[in-house]
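The file data09.txt contains compact mmCIF, C-alpha atoms:
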```txt
# COMPACT_ATOMS: atom_id res chain seq x y z
CA MET G 140 -49.99 -35.75 14.77
CA ASP G 141 -48.70 -33.45 12.02
CA GLN G 142 -51.39 -32.45 9.54
CA TYR G 143 -51.08 -31.84 5.80
CA ARG G 144 -53.73 -31.22 3.17
CA VAL G 145 -54.26 -30.72 -0.53
CA PHE G 146 -56.32 -27.65 -1.37
CA GLY G 147 -58.35 -27.27 -4.53
CA ASN G 148 -61.72 -26.88 -6.21
CA PRO G 149 -62.72 -29.50 -7.29
CA ILE G 150 -60.76 -31.84 -5.04
CA LYS G 151 -62.66 -35.15 -4.66
CA HIS G 152 -60.71 -36.76 -7.49
CA SER G 153 -57.30 -36.09 -5.88
CA ARG G 154 -55.02 -39.07 -5.40
CA SER G 155 -52.71 -37.07 -3.14
CA PRO G 156 -54.04 -38.48 0.18
CA TYR G 157 -53.39 -42.04 -0.99
CA ILE G 158 -49.93 -41.12 -2.28
CA HIS G 159 -48.77 -39.26 0.83
CA GLN G 160 -50.22 -41.75 3.28
CA ALA G 161 -48.35 -44.49 1.42
CA PHE G 162 -45.17 -42.40 1.62
CA ALA G 163 -45.71 -41.90 5.36
CA LYS G 164 -46.16 -45.61 5.95
CA GLU G 165 -43.04 -46.47 3.96
CA THR G 166 -40.86 -43.91 5.74
CA ALA G 167 -42.40 -44.38 9.23
CA GLN G 168 -43.56 -40.77 9.43
CA GLU G 169 -46.44 -39.88 11.77
CA LEU G 170 -48.80 -37.62 9.83
CA THR G 171 -52.27 -37.25 8.39
CA TYR G 172 -53.02 -35.97 4.88
CA GLN G 173 -56.50 -35.00 3.73
CA THR G 174 -58.28 -33.13 0.97
CA GLN G 175 -59.88 -29.75 1.57
CA LEU G 176 -62.35 -28.17 -0.80
CA ILE G 177 -61.88 -24.41 -0.85
CA GLU G 178 -64.50 -22.01 -2.17
CA LEU G 179 -63.19 -19.83 -4.96
CA ASP G 180 -63.19 -16.66 -2.84
CA ALA G 181 -61.85 -18.22 0.37
CA PHE G 182 -58.33 -19.44 -0.45
CA GLU G 183 -56.31 -16.99 1.65
CA GLN G 184 -58.51 -17.18 4.74
CA ASP G 185 -58.69 -21.00 4.65
CA ILE G 186 -54.94 -21.45 4.21
CA LYS G 187 -54.13 -19.06 7.04
CA ALA G 188 -56.72 -20.72 9.28
CA PHE G 189 -55.15 -24.14 8.65
CA ALA G 190 -51.68 -22.75 9.42
CA ARG G 191 -52.91 -21.09 12.65
CA ALA G 192 -54.51 -24.38 13.70
CA GLY G 193 -51.11 -26.06 13.54
CA GLY G 194 -51.05 -27.40 9.99
CA LYS G 195 -47.53 -28.13 8.79
CA GLY G 196 -47.99 -27.79 5.03
CA GLY G 197 -50.03 -28.60 2.01
CA ASN G 198 -50.28 -29.06 -1.70
CA VAL G 199 -52.19 -26.69 -3.95
CA THR G 200 -54.00 -27.69 -7.12
CA VAL G 201 -56.26 -25.90 -9.58
CA PRO G 202 -57.34 -23.18 -9.56
CA PHE G 203 -55.28 -21.80 -6.67
CA LYS G 204 -51.61 -22.20 -7.63
CA GLU G 205 -51.20 -18.55 -8.64
CA GLN G 206 -53.00 -17.33 -5.52
CA ALA G 207 -50.68 -19.52 -3.45
CA LEU G 208 -47.66 -17.73 -4.90
CA ALA G 209 -49.07 -14.34 -3.90
CA LEU G 210 -49.78 -15.59 -0.39
CA CYS G 211 -46.24 -16.77 0.37
CA ASP G 212 -43.67 -14.88 2.40
CA GLN G 213 -40.83 -16.70 0.61
CA VAL G 214 -40.82 -18.68 -2.65
CA SER G 215 -38.23 -20.79 -4.45
CA LYS G 216 -36.68 -19.65 -7.73
CA ARG G 217 -38.51 -22.35 -9.67
CA ALA G 218 -41.86 -21.34 -8.14
CA SER G 219 -41.17 -17.69 -8.93
CA LEU G 220 -40.48 -18.50 -12.58
CA ALA G 221 -43.54 -20.73 -12.81
CA GLY G 222 -45.71 -18.01 -11.35
CA ALA G 223 -47.31 -20.77 -9.32
CA VAL G 224 -46.86 -22.69 -6.07
CA ASN G 225 -47.95 -26.29 -5.52
CA THR G 226 -46.20 -26.92 -2.18
CA LEU G 227 -46.74 -24.85 0.97
CA SER G 228 -44.80 -25.13 4.22
CA PHE G 229 -45.77 -23.31 7.42
CA ARG G 230 -42.74 -22.49 9.58
CA ASP G 231 -42.15 -19.89 12.30
CA GLY G 232 -45.26 -17.93 11.34
CA GLN G 233 -44.25 -17.76 7.68
CA ILE G 234 -45.67 -19.37 4.55
CA LEU G 235 -43.00 -20.84 2.26
CA GLY G 236 -43.78 -21.81 -1.31
CA ASP G 237 -42.19 -24.15 -3.83
CA ASN G 238 -43.10 -25.77 -7.13
CA THR G 239 -42.17 -29.44 -7.50
CA ASP G 240 -43.82 -30.08 -10.87
CA GLY G 241 -40.67 -29.60 -12.91
CA ILE G 242 -38.45 -31.88 -10.86
CA GLY G 243 -41.30 -34.40 -10.85
CA LEU G 244 -41.35 -34.35 -14.65
CA VAL G 245 -37.57 -34.71 -14.92
CA LYS G 246 -37.46 -37.59 -12.45
CA ASP G 247 -40.20 -39.43 -14.33
CA LEU G 248 -38.43 -38.93 -17.66
CA LEU G 249 -35.18 -40.24 -16.20
CA ALA G 250 -36.99 -43.17 -14.56
CA ASN G 251 -38.30 -44.05 -18.03
CA LYS G 252 -34.70 -43.91 -19.34
CA VAL G 253 -35.33 -40.87 -21.52
CA PRO G 254 -31.98 -39.20 -22.37
CA LEU G 255 -32.14 -35.48 -21.61
CA LYS G 256 -28.49 -34.42 -21.72
CA ASN G 257 -27.59 -33.04 -25.17
CA SER G 258 -31.12 -33.78 -26.40
CA ARG G 259 -33.39 -31.53 -28.44
CA ILE G 260 -36.56 -30.95 -26.44
CA LEU G 261 -39.81 -29.39 -27.60
CA LEU G 262 -42.13 -28.06 -24.88
CA ILE G 263 -45.66 -27.49 -26.18
CA GLY G 264 -47.48 -24.68 -24.41
CA ALA G 265 -46.45 -21.59 -22.44
CA GLY G 266 -48.85 -21.62 -19.50
CA GLY G 267 -48.17 -22.36 -15.85
CA ALA G 268 -47.46 -26.05 -16.47
CA ALA G 269 -44.77 -25.19 -19.01
CA LYS G 270 -43.22 -22.43 -16.90
CA GLY G 271 -42.88 -24.81 -13.97
CA VAL G 272 -40.69 -27.27 -15.86
CA VAL G 273 -38.31 -24.99 -17.79
CA LEU G 274 -35.56 -24.62 -15.16
CA PRO G 275 -35.46 -28.31 -14.14
CA LEU G 276 -35.26 -29.31 -17.81
CA LEU G 277 -32.42 -26.86 -18.47
CA GLU G 278 -30.56 -28.26 -15.46
CA GLN G 279 -30.38 -31.57 -17.37
CA GLN G 280 -28.15 -29.87 -19.96
CA PRO G 281 -30.16 -30.39 -23.14
CA GLN G 282 -28.75 -29.20 -26.44
CA GLN G 283 -31.93 -27.22 -27.04
CA LEU G 284 -35.19 -26.51 -25.26
CA MET G 285 -37.76 -24.91 -27.54
CA ILE G 286 -41.13 -23.63 -26.33
CA ALA G 287 -43.86 -23.69 -28.96
CA ASN G 288 -47.09 -21.81 -28.34
CA ARG G 289 -50.03 -20.64 -30.41
CA THR G 290 -49.44 -17.11 -29.10
CA LEU G 291 -45.72 -16.54 -29.61
CA SER G 292 -45.49 -13.60 -27.20
CA LYS G 293 -46.28 -15.86 -24.22
CA ALA G 294 -43.40 -18.17 -25.09
CA GLU G 295 -41.13 -15.18 -25.65
CA GLN G 296 -41.90 -13.91 -22.13
CA ILE G 297 -40.56 -17.14 -20.64
CA CYS G 298 -37.40 -16.94 -22.75
CA GLN G 299 -36.82 -13.37 -21.61
CA LEU G 300 -37.28 -14.31 -17.95
CA VAL G 301 -34.86 -17.23 -18.09
CA SER G 302 -32.29 -15.80 -20.51
CA ASP G 303 -30.51 -19.03 -21.43
CA GLY G 304 -28.96 -19.54 -24.86
CA ARG G 305 -30.36 -23.06 -25.11
CA LEU G 306 -33.92 -21.81 -24.59
CA THR G 307 -35.74 -20.65 -27.71
CA CYS G 308 -39.35 -20.28 -28.80
CA CYS G 309 -41.54 -20.49 -31.88
CA THR G 310 -45.13 -20.81 -33.04
CA PHE G 311 -46.78 -24.20 -33.49
CA GLU G 312 -46.34 -23.95 -37.27
CA GLN G 313 -42.64 -23.07 -37.04
CA THR G 314 -41.83 -26.36 -35.29
CA ASN G 315 -41.95 -27.84 -38.80
CA ASN G 316 -38.48 -26.37 -39.35
CA TYR G 317 -36.85 -28.41 -36.57
CA ASP G 318 -36.20 -31.95 -35.40
CA PHE G 319 -36.71 -33.01 -31.79
CA ASP G 320 -35.73 -36.01 -29.69
CA VAL G 321 -38.23 -35.43 -26.88
CA ILE G 322 -41.62 -33.70 -27.15
CA ILE G 323 -43.51 -32.74 -23.98
CA ASN G 324 -47.14 -31.65 -24.12
CA ALA G 325 -47.67 -29.07 -21.36
CA THR G 326 -51.08 -27.94 -22.64
CA SER G 327 -54.40 -29.13 -21.23
CA ALA G 328 -55.62 -30.09 -24.70
CA SER G 329 -55.83 -33.80 -23.88
CA LEU G 330 -58.24 -33.12 -21.03
CA ASP G 331 -60.69 -31.72 -23.57
CA GLY G 332 -60.05 -34.42 -26.15
CA HIS G 333 -58.16 -32.02 -28.40
CA LEU G 334 -54.69 -31.98 -29.95
CA PRO G 335 -52.13 -29.18 -30.06
CA ALA G 336 -51.70 -27.84 -33.58
CA ILE G 337 -48.21 -29.28 -34.11
CA PRO G 338 -47.41 -30.69 -37.58
CA GLU G 339 -47.58 -34.48 -37.58
CA LYS G 340 -44.14 -34.67 -39.20
CA VAL G 341 -42.63 -33.15 -36.06
CA ILE G 342 -44.33 -35.71 -33.84
CA ALA G 343 -43.36 -38.61 -36.10
CA GLY G 344 -39.67 -37.75 -35.89
CA ALA G 345 -39.48 -37.79 -32.09
CA GLU G 346 -38.00 -40.59 -30.03
CA VAL G 347 -40.23 -39.84 -27.03
CA CYS G 348 -43.56 -38.03 -26.65
CA TYR G 349 -44.71 -37.19 -23.12
CA ASP G 350 -48.10 -35.87 -21.99
CA MET G 351 -48.20 -34.17 -18.60
CA VAL G 352 -51.76 -35.40 -18.01
CA TYR G 353 -52.89 -39.02 -17.71
CA ALA G 354 -56.00 -41.12 -18.20
CA LYS G 355 -57.13 -44.75 -18.16
CA GLN G 356 -56.25 -45.09 -21.83
CA LEU G 357 -53.65 -43.26 -23.86
CA THR G 358 -54.42 -39.55 -23.94
CA PRO G 359 -55.43 -38.13 -27.34
CA PHE G 360 -51.96 -36.62 -27.71
CA LEU G 361 -50.17 -39.88 -26.95
CA LEU G 362 -52.49 -41.90 -29.19
CA TRP G 363 -51.78 -39.47 -32.01
CA ALA G 364 -48.04 -39.62 -31.31
CA LYS G 365 -48.04 -43.41 -31.30
CA GLU G 366 -49.98 -43.62 -34.55
CA ALA G 367 -47.67 -41.01 -36.10
CA GLY G 368 -44.63 -43.16 -35.34
CA ALA G 369 -43.08 -41.82 -32.13
CA ASN G 370 -40.91 -44.58 -30.67
CA LYS G 371 -42.04 -44.18 -27.05
CA VAL G 372 -45.05 -42.51 -25.40
CA ILE G 373 -45.39 -41.73 -21.67
CA ASP G 374 -48.22 -40.17 -19.68
CA GLY G 375 -47.99 -37.92 -16.62
CA LEU G 376 -48.93 -40.37 -13.85
CA GLY G 377 -45.29 -40.86 -12.91
CA MET G 378 -44.84 -37.10 -12.79
CA LEU G 379 -47.75 -36.86 -10.35
CA VAL G 380 -46.10 -39.34 -7.99
CA ALA G 381 -42.60 -37.90 -8.38
CA GLN G 382 -43.67 -34.32 -7.66
CA ALA G 383 -45.52 -35.58 -4.59
CA ALA G 384 -42.34 -37.28 -3.38
CA GLU G 385 -40.50 -33.95 -3.74
CA SER G 386 -43.16 -32.22 -1.63
CA PHE G 387 -42.91 -34.96 0.99
CA ASN G 388 -39.14 -34.53 1.13
CA ILE G 389 -39.49 -30.76 1.57
CA TRP G 390 -41.79 -31.30 4.55
CA ARG G 391 -40.25 -34.34 6.20
CA GLY G 392 -36.60 -34.35 5.12
CA VAL G 393 -36.84 -37.88 3.72
CA MET G 394 -37.28 -38.94 0.10
CA PRO G 395 -39.78 -41.80 -0.30
CA SER G 396 -39.62 -44.47 -2.96
CA THR G 397 -42.19 -43.99 -5.73
CA ASP G 398 -42.22 -47.38 -7.48
CA GLU G 399 -44.82 -49.19 -5.40
CA VAL G 400 -47.21 -46.23 -5.24
CA LEU G 401 -46.96 -45.71 -8.98
CA GLN G 402 -47.63 -49.37 -9.70
CA GLN G 403 -50.73 -49.31 -7.50
CA LEU G 404 -52.09 -46.13 -9.10
CA ARG G 405 -51.50 -47.59 -12.55
CA ALA G 406 -53.34 -50.75 -11.56
CA ASP G 407 -56.24 -48.70 -10.22
CA LEU G 408 -56.58 -46.97 -13.59
CA THR G 409 -57.09 -50.21 -15.49
```

Representation of the structure as structure tokens:
Amino acid sequence: MDQYRVFGNPIKHSRSPYIHQAFAKETAQELTYQTQLIELDAFEQDIKAFARAGGKGGNVTVPFKEQALALCDQVSKRASLAGAVNTLSFRDGQILGDNTDGIGLVKDLLANKVPLKNSRILLIGAGGAAKGVVLPLLEQQPQQLMIANRTLSKAEQICQLVSDGRLTCCTFEQTNNYDFDVIINATSASLDGHLPAIPEKVIAGAEVCYDMVYAKQLTPFLLWAKEAGANKVIDGLGMLVAQAAESFNIWRGVMPSTDEVLQQLRADLT
């Protein structure tokens, strides 16, 4: 039976085995999917050992996404821009890498009926999570995609790499000079109970605020956005499921439905 895994450290908390096993059942695919804890200095040797043993592919989570990129023989354009790989495929002795985070985000936004075409989008943060979603967001033809970051030079590096007239950047404080329809938090601030230093006026004027992380309750960012007056707030659970479906499609050539899995995960959180 074909074997897949998710590699990370820590890894116990991962919902990926449940998600992919549900996808396999729905699509009648014969496979197993398990977690594998990798020691911080053993990523390359463990991945290659799994591939040699007949593994077909895997997902990569923190803190190994950048190492995964360096390990690959071929990578997709979106993974190259992100500087990170979350989906590995082992074929003909080669390691292929992709990054499905961005398309997962876009699919979840569209599933929540968030208009992206001709919209003004603010992306908060310029780390790996932000880099991974820039190209898929631009493919939706927004009017503007602005990256705001505390350190402006990091946002400027992304703009230089992509070189698209709709893509601009600014500091957190400078967002006060603009209006946005959709605001996406790509920082990890919510995981630490913190908020990005965006003026509340900017948040209040948005139609939709999206946090790429999720929790049992509203994340600190989404709670703040809701209290500030944002019309709609969405967490990243749907993105998690949608990016997993993209990985599954890369491996198996079939796109699973995400609705039932997402509903079950949401129920498990409450």

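Between CA of Leu361 in chain G and CA of Pro254 in chain G the separation is 18.8 Å.
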
What are the closest atom pairs, with distances in Å to one decimal, for all residues of range 339-375 of chain G lying within 12 Å of range 230-246 of chain G? Consider all atoms listed in the file, order rows by chain and residue number, and present the result as a Markdown table.
```
| residue | atom | partner | partner_atom | distance |
| --- | --- | --- | --- | --- |
| G:Tyr349 | CA | G:Leu244 | CA | 9.5 |
| G:Asp350 | CA | G:Leu244 | CA | 10.1 |
| G:Met351 | CA | G:Leu244 | CA | 7.9 |
| G:Val352 | CA | G:Leu244 | CA | 11.0 |
| G:Ile373 | CA | G:Leu244 | CA | 11.0 |
| G:Asp374 | CA | G:Leu244 | CA | 10.3 |
| G:Gly375 | CA | G:Leu244 | CA | 7.8 |
```

Report as an mmCIF file with C-alpha atoms, keeping the file's coordinate frame all protein, DNA and RNA residues lying within 9 Å of range 305-312 of chain G, evaluated on all atoms listed in the file, omitting residues in the same chain fewer than 4 positions from it.
```
data_model
loop_
_atom_site.group_PDB
_atom_site.id
_atom_site.type_symbol
_atom_site.label_atom_id
_atom_site.label_comp_id
_atom_site.auth_asym_id
_atom_site.auth_seq_id
_atom_site.Cartn_x
_atom_site.Cartn_y
_atom_site.Cartn_z
ATOM 1 C CA ILE G 263 -45.660 -27.490 -26.180
ATOM 2 C CA VAL G 273 -38.310 -24.990 -17.790
ATOM 3 C CA LEU G 277 -32.420 -26.860 -18.470
ATOM 4 C CA GLN G 280 -28.150 -29.870 -19.960
ATOM 5 C CA PRO G 281 -30.160 -30.390 -23.140
ATOM 6 C CA GLN G 282 -28.750 -29.200 -26.440
ATOM 7 C CA GLN G 283 -31.930 -27.220 -27.040
ATOM 8 C CA LEU G 284 -35.190 -26.510 -25.260
ATOM 9 C CA MET G 285 -37.760 -24.910 -27.540
ATOM 10 C CA ILE G 286 -41.130 -23.630 -26.330
ATOM 11 C CA ALA G 287 -43.860 -23.690 -28.960
ATOM 12 C CA ASN G 288 -47.090 -21.810 -28.340
ATOM 13 C CA ARG G 289 -50.030 -20.640 -30.410
ATOM 14 C CA THR G 290 -49.440 -17.110 -29.100
ATOM 15 C CA LEU G 291 -45.720 -16.540 -29.610
ATOM 16 C CA ALA G 294 -43.400 -18.170 -25.090
ATOM 17 C CA GLU G 295 -41.130 -15.180 -25.650
ATOM 18 C CA ILE G 297 -40.560 -17.140 -20.640
ATOM 19 C CA CYS G 298 -37.400 -16.940 -22.750
ATOM 20 C CA VAL G 301 -34.860 -17.230 -18.090
ATOM 21 C CA ASN G 316 -38.480 -26.370 -39.350
ATOM 22 C CA PRO G 335 -52.130 -29.180 -30.060
ATOM 23 C CA ALA G 336 -51.700 -27.840 -33.580
ATOM 24 C CA ILE G 337 -48.210 -29.280 -34.110
ATOM 25 C CA PRO G 338 -47.410 -30.690 -37.580
#
```

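Within the 10 Å cut-off around Phe146 in chain G, using all atoms listed in the file and omitting residues fewer than 5 positions from it on the same chain, the listed residues are Ser153, Gln173, Thr174, Gln175, Leu176, Ile177, Glu178, Phe182, Asp185, Ile186, Gly197, Asn198, Val199, Thr200, Val201, Pro202, Phe203, Lys204 and Asn225 of chain G.
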
I'd like to know which of G:Thr226, G:Ser219, G:Gln142, G:Ser258 is closest to Gln160 in chain G, using all atoms listed in the file. G:Gln142

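The space separating CA of Ala325 in chain G from CA of Leu262 in chain G comes to 6.6 Å.
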
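Checking G:Asp141, G:Glu205, G:Glu165, G:Asp303 one by one against Ala190 in chain G, counting all atoms listed in the file, you find the shortest gap at G:Asp141.
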
CA of Ala354 in chain G and CA of Thr409 in chain G, how far apart in Å? 9.5 Å

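If you measure from each of G:Ala223, G:Ala381, G:Leu261, G:Leu274 to Gln206 in chain G using all atoms listed in the file, the closest one turns out to be G:Ala223.
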
From the options G:Ala406, G:Ile389, G:Ala181, G:Ile260, which residue's atoms come nearest to Ile342 in chain G, counting only C-alpha atoms? G:Ile260

Find the smallest box with edges along x, y and z containing every listed atom of range 371-378 of chain G, then add 8 Å on each side and report centre and edge lengths in Å to one decimal, as lines of an AutoDock Vina configuration file.
```
center_x = -45.5
center_y = -40.6
center_z = -19.9
size_x = 22.9
size_y = 23.1
size_z = 30.3
```

Return the single residue from G:Cys348, G:Lys270, G:Arg259, G:Met378 that is closest to Phe319 in chain G, with distances computed using all atoms listed in the file. G:Arg259

For the structure just given, write the atoms of range 259-286 of chain G, namely N, CA, C and O atoms, as a compact mmCIF listing (two decimals), in the first residue's frame.
```txt
# COMPACT_ATOMS: atom_id res chain seq x y z
N ARG G 259 -8.96 45.21 -2.93
CA ARG G 259 -7.75 45.77 -2.33
C ARG G 259 -7.40 44.90 -1.13
O ARG G 259 -8.13 44.88 -0.14
N ILE G 260 -6.28 44.19 -1.24
CA ILE G 260 -5.90 43.20 -0.23
C ILE G 260 -4.67 43.67 0.53
O ILE G 260 -3.68 44.10 -0.07
N LEU G 261 -4.73 43.55 1.84
CA LEU G 261 -3.57 43.81 2.70
C LEU G 261 -3.10 42.48 3.26
O LEU G 261 -3.86 41.73 3.88
N LEU G 262 -1.82 42.18 3.06
CA LEU G 262 -1.19 40.98 3.59
C LEU G 262 -0.24 41.41 4.70
O LEU G 262 0.74 42.13 4.44
N ILE G 263 -0.53 40.98 5.93
CA ILE G 263 0.27 41.40 7.08
C ILE G 263 1.37 40.37 7.32
O ILE G 263 1.09 39.21 7.59
N GLY G 264 2.62 40.81 7.23
CA GLY G 264 3.76 39.93 7.44
C GLY G 264 4.50 39.66 6.15
O GLY G 264 3.91 39.72 5.05
N ALA G 265 5.80 39.36 6.26
CA ALA G 265 6.61 39.10 5.07
C ALA G 265 7.48 37.87 5.25
O ALA G 265 8.52 37.74 4.60
N GLY G 266 7.05 36.96 6.11
CA GLY G 266 7.78 35.71 6.31
C GLY G 266 7.37 34.65 5.32
O GLY G 266 6.73 34.94 4.30
N GLY G 267 7.70 33.39 5.63
CA GLY G 267 7.41 32.30 4.71
C GLY G 267 5.93 32.13 4.42
O GLY G 267 5.55 31.83 3.29
N ALA G 268 5.09 32.35 5.43
CA ALA G 268 3.64 32.19 5.22
C ALA G 268 3.13 33.20 4.21
O ALA G 268 2.29 32.88 3.36
N ALA G 269 3.63 34.43 4.30
CA ALA G 269 3.21 35.47 3.36
C ALA G 269 3.74 35.19 1.96
O ALA G 269 3.01 35.28 0.97
N LYS G 270 5.02 34.83 1.87
CA LYS G 270 5.62 34.56 0.56
C LYS G 270 4.86 33.47 -0.19
O LYS G 270 4.71 33.52 -1.41
N GLY G 271 4.38 32.48 0.55
CA GLY G 271 3.71 31.35 -0.07
C GLY G 271 2.37 31.66 -0.68
O GLY G 271 1.85 30.87 -1.47
N VAL G 272 1.78 32.81 -0.34
CA VAL G 272 0.43 33.10 -0.83
C VAL G 272 0.40 34.24 -1.85
O VAL G 272 -0.66 34.51 -2.43
N VAL G 273 1.51 34.90 -2.09
CA VAL G 273 1.52 36.08 -2.97
C VAL G 273 1.09 35.73 -4.39
O VAL G 273 0.18 36.37 -4.96
N LEU G 274 1.72 34.75 -5.02
CA LEU G 274 1.38 34.43 -6.41
C LEU G 274 -0.06 33.96 -6.57
O LEU G 274 -0.77 34.43 -7.47
N PRO G 275 -0.56 33.03 -5.73
CA PRO G 275 -1.96 32.62 -5.87
C PRO G 275 -2.94 33.78 -5.67
O PRO G 275 -3.98 33.82 -6.34
N LEU G 276 -2.62 34.71 -4.78
CA LEU G 276 -3.50 35.87 -4.61
C LEU G 276 -3.48 36.76 -5.85
O LEU G 276 -4.52 37.23 -6.31
N LEU G 277 -2.31 36.98 -6.42
CA LEU G 277 -2.21 37.81 -7.62
C LEU G 277 -2.94 37.18 -8.80
O LEU G 277 -3.49 37.88 -9.65
N GLU G 278 -2.95 35.85 -8.84
CA GLU G 278 -3.67 35.15 -9.92
C GLU G 278 -5.18 35.42 -9.88
O GLU G 278 -5.87 35.22 -10.89
N GLN G 279 -5.67 35.89 -8.73
CA GLN G 279 -7.10 36.20 -8.61
C GLN G 279 -7.43 37.62 -9.09
O GLN G 279 -8.56 38.07 -8.96
N GLN G 280 -6.45 38.29 -9.62
CA GLN G 280 -6.61 39.62 -10.25
C GLN G 280 -7.15 40.68 -9.29
O GLN G 280 -8.14 41.37 -9.60
N PRO G 281 -6.50 40.84 -8.15
CA PRO G 281 -6.93 41.94 -7.27
C PRO G 281 -6.52 43.28 -7.86
O PRO G 281 -5.62 43.35 -8.71
N GLN G 282 -7.16 44.32 -7.40
CA GLN G 282 -6.75 45.67 -7.80
C GLN G 282 -5.39 46.01 -7.19
O GLN G 282 -4.54 46.63 -7.84
N GLN G 283 -5.21 45.57 -5.94
CA GLN G 283 -3.97 45.87 -5.23
C GLN G 283 -3.71 44.78 -4.19
O GLN G 283 -4.62 44.27 -3.55
N LEU G 284 -2.44 44.39 -4.08
CA LEU G 284 -2.00 43.52 -3.01
C LEU G 284 -0.84 44.21 -2.32
O LEU G 284 0.23 44.37 -2.91
N MET G 285 -1.06 44.64 -1.09
CA MET G 285 -0.03 45.36 -0.35
C MET G 285 0.48 44.48 0.79
O MET G 285 -0.30 43.92 1.55
N ILE G 286 1.80 44.37 0.90
CA ILE G 286 2.43 43.64 1.99
C ILE G 286 2.90 44.64 3.04
O ILE G 286 3.69 45.54 2.73
```
